[in-house]
Amino acid sequence: MNRIDRISAILIQLQSRRVVKASDIAERFNISLRTVYRDIRTLEEAGIPLIGEAGVGYSIMDGYRLPPVMFTREEATAFLTAEKFVEKLTDTTTMTHHKSAMYKVRAILKTAEKDALENLDDSIEVLKSHSQKRAGNTDHIQNILEGIVQKKILRIDYFAAHSQEATKRDVEPVGVFYLDSYWHLIGYCRLRDDYRDFRIDRIRKLVNTDESYNGSKHPTLKAYIAQTAKDKQLETVIIKVEKDIANHLDNQKYYSGFVSEKAIGNMIEMTFLSSSIEGFARWYMMFGDHAEIVKPQTLTDKVKEIARIITQKNK
């Protein structure tokens, strides 16, 4: 990216948030802080009313806005791709809002870009597996996000599958995330006096109350997830699987804590973070004759133990 394009992109980034840190700009464009400061001075010399505070960041003076920028074809294509995911993997309300935003994006595109999107529309598709479900007929995600923004208590009717219990909860929402085909709400449950993970498709009713809570006392979603993984004492597991077999594990591996994989000869080396070595061992034995364990030794020992018990019972 040349300097003119970078400075234009920095200006757009400054308009996208109330305050932008110099370090965030440096990380995004892979440049030094010294270069960031030089680019900021260039914007100031061009008449952009910037406000900078050491240790805080930069912001544009309130009320100053440039006319809408034009999107490149690549950016518009990225929007279209995201639309396909939103349509299949979120709730109806979120999908409706995103479609409305996409109309606005398309409205300011040049004719050539509009035609390109029309041609691509039927060439991009997101397919759900048989295990994936939309969150029933509910539209909770946007209400949850509104509660997070406004720092308002959520009142929910929740059905817990493990106990088959329906309860009413007052929840201070922290964040939402998507995992294993389902959306989850992390929040501080006043009934349990602790943080809880609520599957959103199991929320039968949700009401945004007028009662506020102190959001600063809660960790960020990223910090909560990192701490939860640490508390669960997840163990790193590495196995090698024959390529032909590895291709059939796509859906299953995510339920076993899949992290990454790489090809090594005719094998695929897979890395997992597992909360249960025994559970992983029992899954591994389904295809173990076409695989080998790299680490840990406890997994090898557990597989041998289970195999020995099976052998003894079937003599």
# chains A, B, ... in the order shown; residues from 1 in each chain; ligands from 1

$ select_by_dssp --residues "region 169-310 of chain A" --states "strand (DSSP E)" --output "PyMOL selection string"
chain A and resi 169-179+182-189+194-199+203-212+235-242+258-264+267-274+291-295

$ residues_around --residues "region 227-243 of chain A" --least-positions-apart "6" --cutoff "12 Å" --atoms "only C-alpha atoms" --output "VMD selection string"
chain A and resid 186 195 to 197 219 to 221 249 to 250 253 256 to 278 280 to 281 284 to 300

$ closest_residue --among "A:Glu53, A:Glu113, A:Asp139, A:Glu83" --to "Glu125 (chain A)" --atoms "only C-alpha atoms"
A:Glu83

$ residues_around --residues "region 212-214 of chain A" --least-positions-apart "6" --cutoff "9 Å" --atoms "only C-alpha atoms" --output "PyMOL selection string"
chain A and resi 150-153+172

$ residues_around --residues "Leu11 (chain A)" --least-positions-apart "6" --cutoff "12 Å" --atoms "only C-alpha atoms" --output "compact mmCIF listing (two decimals) with C-alpha atoms, in the first residue's frame"
# COMPACT_ATOMS: atom_id res chain seq x y z
CA ILE A 4 -1.43 8.17 -0.04
CA ASP A 5 -3.68 5.12 0.19
CA ARG A 17 -14.25 4.98 16.26
CA VAL A 20 -8.07 5.28 17.90
CA ILE A 25 -2.85 2.05 13.51
CA VAL A 36 2.06 6.84 12.36
CA ASP A 39 1.00 10.39 8.82
CA ILE A 40 -1.11 12.03 11.52
CA ARG A 41 0.78 15.30 11.03
CA THR A 42 0.07 15.05 7.30
CA LEU A 43 -3.67 14.80 8.01
CA GLU A 44 -3.48 17.79 10.36
CA ALA A 46 -4.41 18.93 5.27
CA GLY A 47 -6.95 20.59 7.58
CA ILE A 48 -8.39 17.53 9.36
CA PRO A 49 -9.32 18.69 12.92
CA LEU A 50 -7.64 15.96 14.99
CA TYR A 58 -6.52 10.25 18.35
CA SER A 59 -10.03 11.39 17.57
CA ILE A 60 -11.67 13.69 15.04
CA TYR A 64 -16.58 16.83 11.39
CA ARG A 65 -17.35 14.15 8.84
CA LEU A 66 -16.24 13.54 5.27
CA VAL A 69 -16.31 6.89 0.88

$ residues_around --residues "Glu74 (chain A)" --least-positions-apart "4" --cutoff "12 Å" --atoms "only C-alpha atoms" --output "PyMOL selection string"
chain A and resi 70+78-81+109+113-114+116-117+120

$ closest_residue --among "A:Gly187, A:Ala101, A:Arg106, A:Ser216" --to "Leu145 (chain A)" --atoms "only C-alpha atoms"
A:Gly187

$ atom_distance --atom1 "CA of Ile225 (chain A)" --atom2 "CA of Asp193 (chain A)"
18.2 Å

$ select_by_dssp --residues "region 108-291 of chain A" --states "helix (DSSP H, G or I)" --output "PDB file with N, CA and C atoms, in the first residue's frame"
ATOM      1  N   THR A 111     -21.468   1.469 -11.065  1.00  0.00           N
ATOM      2  CA  THR A 111     -22.249   0.496 -11.842  1.00  0.00           C
ATOM      3  C   THR A 111     -21.492  -0.796 -12.070  1.00  0.00           C
ATOM      4  N   ALA A 112     -20.210  -0.697 -12.343  1.00  0.00           N
ATOM      5  CA  ALA A 112     -19.408  -1.902 -12.603  1.00  0.00           C
ATOM      6  C   ALA A 112     -19.359  -2.803 -11.374  1.00  0.00           C
ATOM      7  N   GLU A 113     -19.210  -2.178 -10.179  1.00  0.00           N
ATOM      8  CA  GLU A 113     -19.173  -2.956  -8.945  1.00  0.00           C
ATOM      9  C   GLU A 113     -20.538  -3.577  -8.648  1.00  0.00           C
ATOM     10  N   LYS A 114     -21.610  -2.841  -8.939  1.00  0.00           N
ATOM     11  CA  LYS A 114     -22.959  -3.384  -8.741  1.00  0.00           C
ATOM     12  C   LYS A 114     -23.172  -4.614  -9.618  1.00  0.00           C
ATOM     13  N   ASP A 115     -22.746  -4.519 -10.858  1.00  0.00           N
ATOM     14  CA  ASP A 115     -22.886  -5.657 -11.780  1.00  0.00           C
ATOM     15  C   ASP A 115     -22.068  -6.846 -11.304  1.00  0.00           C
ATOM     16  N   ALA A 116     -20.865  -6.559 -10.777  1.00  0.00           N
ATOM     17  CA  ALA A 116     -19.996  -7.642 -10.295  1.00  0.00           C
ATOM     18  C   ALA A 116     -20.662  -8.386  -9.141  1.00  0.00           C
ATOM     19  N   LEU A 117     -21.295  -7.639  -8.232  1.00  0.00           N
ATOM     20  CA  LEU A 117     -21.974  -8.276  -7.106  1.00  0.00           C
ATOM     21  C   LEU A 117     -23.164  -9.106  -7.570  1.00  0.00           C
ATOM     22  N   GLU A 118     -23.895  -8.596  -8.560  1.00  0.00           N
ATOM     23  CA  GLU A 118     -25.035  -9.340  -9.088  1.00  0.00           C
ATOM     24  C   GLU A 118     -24.576 -10.682  -9.669  1.00  0.00           C
ATOM     25  N   ASN A 119     -23.451 -10.644 -10.365  1.00  0.00           N
ATOM     26  CA  ASN A 119     -22.938 -11.865 -10.979  1.00  0.00           C
ATOM     27  C   ASN A 119     -22.404 -12.857  -9.940  1.00  0.00           C
ATOM     28  N   LEU A 120     -21.882 -12.305  -8.826  1.00  0.00           N
ATOM     29  CA  LEU A 120     -21.301 -13.158  -7.796  1.00  0.00           C
ATOM     30  C   LEU A 120     -22.347 -13.738  -6.842  1.00  0.00           C
ATOM     31  N   ASP A 121     -23.497 -13.085  -6.775  1.00  0.00           N
ATOM     32  CA  ASP A 121     -24.501 -13.441  -5.763  1.00  0.00           C
ATOM     33  C   ASP A 121     -24.845 -14.925  -5.776  1.00  0.00           C
ATOM     34  N   ILE A 141     -30.354 -12.257  19.619  1.00  0.00           N
ATOM     35  CA  ILE A 141     -28.991 -11.721  19.537  1.00  0.00           C
ATOM     36  C   ILE A 141     -28.970 -10.196  19.594  1.00  0.00           C
ATOM     37  N   GLN A 142     -29.817  -9.536  18.804  1.00  0.00           N
ATOM     38  CA  GLN A 142     -29.816  -8.077  18.792  1.00  0.00           C
ATOM     39  C   GLN A 142     -30.243  -7.503  20.137  1.00  0.00           C
ATOM     40  N   ASN A 143     -31.207  -8.138  20.800  1.00  0.00           N
ATOM     41  CA  ASN A 143     -31.635  -7.667  22.123  1.00  0.00           C
ATOM     42  C   ASN A 143     -30.521  -7.816  23.147  1.00  0.00           C
ATOM     43  N   ILE A 144     -29.764  -8.908  23.040  1.00  0.00           N
ATOM     44  CA  ILE A 144     -28.635  -9.115  23.948  1.00  0.00           C
ATOM     45  C   ILE A 144     -27.570  -8.045  23.723  1.00  0.00           C
ATOM     46  N   LEU A 145     -27.246  -7.793  22.461  1.00  0.00           N
ATOM     47  CA  LEU A 145     -26.237  -6.779  22.147  1.00  0.00           C
ATOM     48  C   LEU A 145     -26.683  -5.391  22.604  1.00  0.00           C
ATOM     49  N   GLU A 146     -27.972  -5.118  22.492  1.00  0.00           N
ATOM     50  CA  GLU A 146     -28.505  -3.839  22.971  1.00  0.00           C
ATOM     51  C   GLU A 146     -28.334  -3.743  24.489  1.00  0.00           C
ATOM     52  N   GLY A 147     -28.568  -4.856  25.186  1.00  0.00           N
ATOM     53  CA  GLY A 147     -28.376  -4.870  26.630  1.00  0.00           C
ATOM     54  C   GLY A 147     -26.928  -4.618  27.013  1.00  0.00           C
ATOM     55  N   ILE A 148     -25.986  -5.149  26.217  1.00  0.00           N
ATOM     56  CA  ILE A 148     -24.565  -4.937  26.485  1.00  0.00           C
ATOM     57  C   ILE A 148     -24.200  -3.469  26.288  1.00  0.00           C
ATOM     58  N   VAL A 149     -24.683  -2.886  25.197  1.00  0.00           N
ATOM     59  CA  VAL A 149     -24.383  -1.476  24.898  1.00  0.00           C
ATOM     60  C   VAL A 149     -24.965  -0.549  25.956  1.00  0.00           C
ATOM     61  N   GLN A 150     -26.227  -0.802  26.330  1.00  0.00           N
ATOM     62  CA  GLN A 150     -26.924   0.073  27.275  1.00  0.00           C
ATOM     63  C   GLN A 150     -26.628  -0.272  28.735  1.00  0.00           C
ATOM     64  N   ILE A 200     -28.026 -19.685  23.431  1.00  0.00           N
ATOM     65  CA  ILE A 200     -29.097 -18.744  23.090  1.00  0.00           C
ATOM     66  C   ILE A 200     -30.338 -19.452  22.562  1.00  0.00           C
ATOM     67  N   ASP A 201     -30.164 -20.611  21.898  1.00  0.00           N
ATOM     68  CA  ASP A 201     -31.341 -21.312  21.389  1.00  0.00           C
ATOM     69  C   ASP A 201     -32.175 -21.928  22.509  1.00  0.00           C
ATOM     70  N   ARG A 202     -31.638 -21.949  23.731  1.00  0.00           N
ATOM     71  CA  ARG A 202     -32.390 -22.475  24.866  1.00  0.00           C
ATOM     72  C   ARG A 202     -33.054 -21.372  25.696  1.00  0.00           C
ATOM     73  N   GLY A 215     -20.986  -2.255  34.238  1.00  0.00           N
ATOM     74  CA  GLY A 215     -20.274  -3.116  33.309  1.00  0.00           C
ATOM     75  C   GLY A 215     -18.783  -3.195  33.558  1.00  0.00           C
ATOM     76  N   SER A 216     -18.205  -2.182  34.207  1.00  0.00           N
ATOM     77  CA  SER A 216     -16.757  -2.150  34.405  1.00  0.00           C
ATOM     78  C   SER A 216     -16.266  -3.222  35.372  1.00  0.00           C
ATOM     79  N   LYS A 217     -17.169  -3.795  36.157  1.00  0.00           N
ATOM     80  CA  LYS A 217     -16.745  -4.809  37.127  1.00  0.00           C
ATOM     81  C   LYS A 217     -16.585  -6.183  36.478  1.00  0.00           C
ATOM     82  N   LEU A 221     -15.152 -10.227  27.191  1.00  0.00           N
ATOM     83  CA  LEU A 221     -15.463 -11.578  26.725  1.00  0.00           C
ATOM     84  C   LEU A 221     -14.184 -12.352  26.437  1.00  0.00           C
ATOM     85  N   LYS A 222     -13.217 -11.696  25.791  1.00  0.00           N
ATOM     86  CA  LYS A 222     -11.956 -12.365  25.454  1.00  0.00           C
ATOM     87  C   LYS A 222     -11.221 -12.814  26.715  1.00  0.00           C
ATOM     88  N   ALA A 223     -11.210 -11.947  27.737  1.00  0.00           N
ATOM     89  CA  ALA A 223     -10.534 -12.292  28.986  1.00  0.00           C
ATOM     90  C   ALA A 223     -11.247 -13.431  29.693  1.00  0.00           C
ATOM     91  N   TYR A 224     -12.578 -13.428  29.647  1.00  0.00           N
ATOM     92  CA  TYR A 224     -13.351 -14.489  30.303  1.00  0.00           C
ATOM     93  C   TYR A 224     -13.078 -15.839  29.651  1.00  0.00           C
ATOM     94  N   ILE A 225     -13.087 -15.871  28.319  1.00  0.00           N
ATOM     95  CA  ILE A 225     -12.856 -17.127  27.605  1.00  0.00           C
ATOM     96  C   ILE A 225     -11.448 -17.652  27.883  1.00  0.00           C
ATOM     97  N   ALA A 226     -10.458 -16.742  27.897  1.00  0.00           N
ATOM     98  CA  ALA A 226      -9.075 -17.149  28.166  1.00  0.00           C
ATOM     99  C   ALA A 226      -8.949 -17.709  29.575  1.00  0.00           C
ATOM    100  N   GLN A 227      -9.590 -17.070  30.551  1.00  0.00           N
ATOM    101  CA  GLN A 227      -9.513 -17.540  31.930  1.00  0.00           C
ATOM    102  C   GLN A 227     -10.230 -18.876  32.102  1.00  0.00           C
ATOM    103  N   THR A 228     -11.359 -19.028  31.399  1.00  0.00           N
ATOM    104  CA  THR A 228     -12.109 -20.291  31.478  1.00  0.00           C
ATOM    105  C   THR A 228     -11.277 -21.457  30.957  1.00  0.00           C
ATOM    106  N   ALA A 229     -10.593 -21.227  29.843  1.00  0.00           N
ATOM    107  CA  ALA A 229      -9.731 -22.278  29.285  1.00  0.00           C
ATOM    108  C   ALA A 229      -8.619 -22.633  30.260  1.00  0.00           C
ATOM    109  N   LYS A 230      -8.080 -21.625  30.936  1.00  0.00           N
ATOM    110  CA  LYS A 230      -7.005 -21.865  31.909  1.00  0.00           C
ATOM    111  C   LYS A 230      -7.537 -22.640  33.108  1.00  0.00           C
ATOM    112  N   ASP A 231      -8.724 -22.246  33.582  1.00  0.00           N
ATOM    113  CA  ASP A 231      -9.321 -22.920  34.742  1.00  0.00           C
ATOM    114  C   ASP A 231      -9.642 -24.375  34.447  1.00  0.00           C
ATOM    115  N   LYS A 243      -4.181 -38.905   5.516  1.00  0.00           N
ATOM    116  CA  LYS A 243      -4.946 -37.871   4.826  1.00  0.00           C
ATOM    117  C   LYS A 243      -6.355 -38.322   4.447  1.00  0.00           C
ATOM    118  N   ASP A 244      -6.484 -39.537   3.946  1.00  0.00           N
ATOM    119  CA  ASP A 244      -7.799 -40.029   3.512  1.00  0.00           C
ATOM    120  C   ASP A 244      -8.781 -40.083   4.670  1.00  0.00           C
ATOM    121  N   ILE A 245      -8.288 -40.431   5.858  1.00  0.00           N
ATOM    122  CA  ILE A 245      -9.146 -40.511   7.045  1.00  0.00           C
ATOM    123  C   ILE A 245      -9.422 -39.115   7.594  1.00  0.00           C
ATOM    124  N   ALA A 246      -8.394 -38.268   7.575  1.00  0.00           N
ATOM    125  CA  ALA A 246      -8.533 -36.910   8.127  1.00  0.00           C
ATOM    126  C   ALA A 246      -9.665 -36.148   7.447  1.00  0.00           C
ATOM    127  N   ASP A 250     -13.873 -33.823   9.611  1.00  0.00           N
ATOM    128  CA  ASP A 250     -14.119 -32.389   9.642  1.00  0.00           C
ATOM    129  C   ASP A 250     -15.152 -31.967  10.682  1.00  0.00           C
ATOM    130  N   ASN A 251     -16.284 -32.649  10.745  1.00  0.00           N
ATOM    131  CA  ASN A 251     -17.323 -32.253  11.691  1.00  0.00           C
ATOM    132  C   ASN A 251     -16.977 -32.670  13.117  1.00  0.00           C
ATOM    133  N   GLN A 252     -16.394 -33.855  13.279  1.00  0.00           N
ATOM    134  CA  GLN A 252     -16.142 -34.401  14.610  1.00  0.00           C
ATOM    135  C   GLN A 252     -15.009 -33.686  15.341  1.00  0.00           C
ATOM    136  N   LYS A 253     -13.990 -33.271  14.606  1.00  0.00           N
ATOM    137  CA  LYS A 253     -12.785 -32.766  15.277  1.00  0.00           C
ATOM    138  C   LYS A 253     -13.049 -31.511  16.095  1.00  0.00           C
ATOM    139  N   TYR A 254     -14.016 -30.687  15.669  1.00  0.00           N
ATOM    140  CA  TYR A 254     -14.295 -29.449  16.388  1.00  0.00           C
ATOM    141  C   TYR A 254     -14.886 -29.725  17.771  1.00  0.00           C
ATOM    142  N   TYR A 255     -15.576 -30.838  17.920  1.00  0.00           N
ATOM    143  CA  TYR A 255     -16.138 -31.197  19.210  1.00  0.00           C
ATOM    144  C   TYR A 255     -15.080 -31.758  20.154  1.00  0.00           C
ATOM    145  N   SER A 256     -13.900 -32.025  19.622  1.00  0.00           N
ATOM    146  CA  SER A 256     -12.817 -32.581  20.447  1.00  0.00           C
ATOM    147  C   SER A 256     -11.746 -31.543  20.740  1.00  0.00           C
ATOM    148  N   ILE A 277      -8.782 -36.293  28.629  1.00  0.00           N
ATOM    149  CA  ILE A 277      -7.932 -37.237  27.910  1.00  0.00           C
ATOM    150  C   ILE A 277      -8.676 -38.540  27.658  1.00  0.00           C
ATOM    151  N   GLU A 278      -9.472 -38.982  28.624  1.00  0.00           N
ATOM    152  CA  GLU A 278     -10.221 -40.226  28.427  1.00  0.00           C
ATOM    153  C   GLU A 278     -11.239 -40.073  27.304  1.00  0.00           C
ATOM    154  N   GLY A 279     -11.960 -38.938  27.297  1.00  0.00           N
ATOM    155  CA  GLY A 279     -12.934 -38.713  26.234  1.00  0.00           C
ATOM    156  C   GLY A 279     -12.277 -38.653  24.874  1.00  0.00           C
ATOM    157  N   PHE A 280     -11.112 -37.993  24.822  1.00  0.00           N
ATOM    158  CA  PHE A 280     -10.383 -37.901  23.549  1.00  0.00           C
ATOM    159  C   PHE A 280      -9.910 -39.291  23.128  1.00  0.00           C
ATOM    160  N   ALA A 281      -9.456 -40.089  24.088  1.00  0.00           N
ATOM    161  CA  ALA A 281      -8.951 -41.430  23.767  1.00  0.00           C
ATOM    162  C   ALA A 281     -10.048 -42.292  23.141  1.00  0.00           C
ATOM    163  N   ARG A 282     -11.248 -42.202  23.678  1.00  0.00           N
ATOM    164  CA  ARG A 282     -12.349 -43.015  23.149  1.00  0.00           C
ATOM    165  C   ARG A 282     -12.724 -42.572  21.735  1.00  0.00           C
ATOM    166  N   TRP A 283     -12.641 -41.253  21.469  1.00  0.00           N
ATOM    167  CA  TRP A 283     -12.905 -40.763  20.105  1.00  0.00           C
ATOM    168  C   TRP A 283     -11.774 -41.209  19.164  1.00  0.00           C
ATOM    169  N   TYR A 284     -10.542 -41.116  19.627  1.00  0.00           N
ATOM    170  CA  TYR A 284      -9.378 -41.478  18.824  1.00  0.00           C
ATOM    171  C   TYR A 284      -9.430 -42.937  18.380  1.00  0.00           C
ATOM    172  N   GLY A 288      -8.106 -44.979  15.199  1.00  0.00           N
ATOM    173  CA  GLY A 288      -6.725 -45.106  15.664  1.00  0.00           C
ATOM    174  C   GLY A 288      -5.844 -46.005  14.837  1.00  0.00           C
ATOM    175  N   ASP A 289      -6.430 -46.964  14.091  1.00  0.00           N
ATOM    176  CA  ASP A 289      -5.602 -47.841  13.248  1.00  0.00           C
ATOM    177  C   ASP A 289      -5.076 -47.108  12.025  1.00  0.00           C
ATOM    178  N   HIS A 290      -5.535 -45.887  11.810  1.00  0.00           N
ATOM    179  CA  HIS A 290      -5.044 -45.059  10.697  1.00  0.00           C
ATOM    180  C   HIS A 290      -4.373 -43.788  11.209  1.00  0.00           C
TER     181      HIS A 290
END

$ atom_distance --atom1 "CA of Gly57 (chain A)" --atom2 "CA of Val19 (chain A)"
5.8 Å

$ closest_residue --among "A:Arg192, A:Ser16, A:Tyr178, A:Gly52" --to "Phe85 (chain A)" --atoms "only C-alpha atoms"
A:Tyr178

$ closest_residue --among "A:Val207, A:Leu179, A:Val126, A:Ile10" --to "Glu27 (chain A)" --atoms "only C-alpha atoms"
A:Ile10
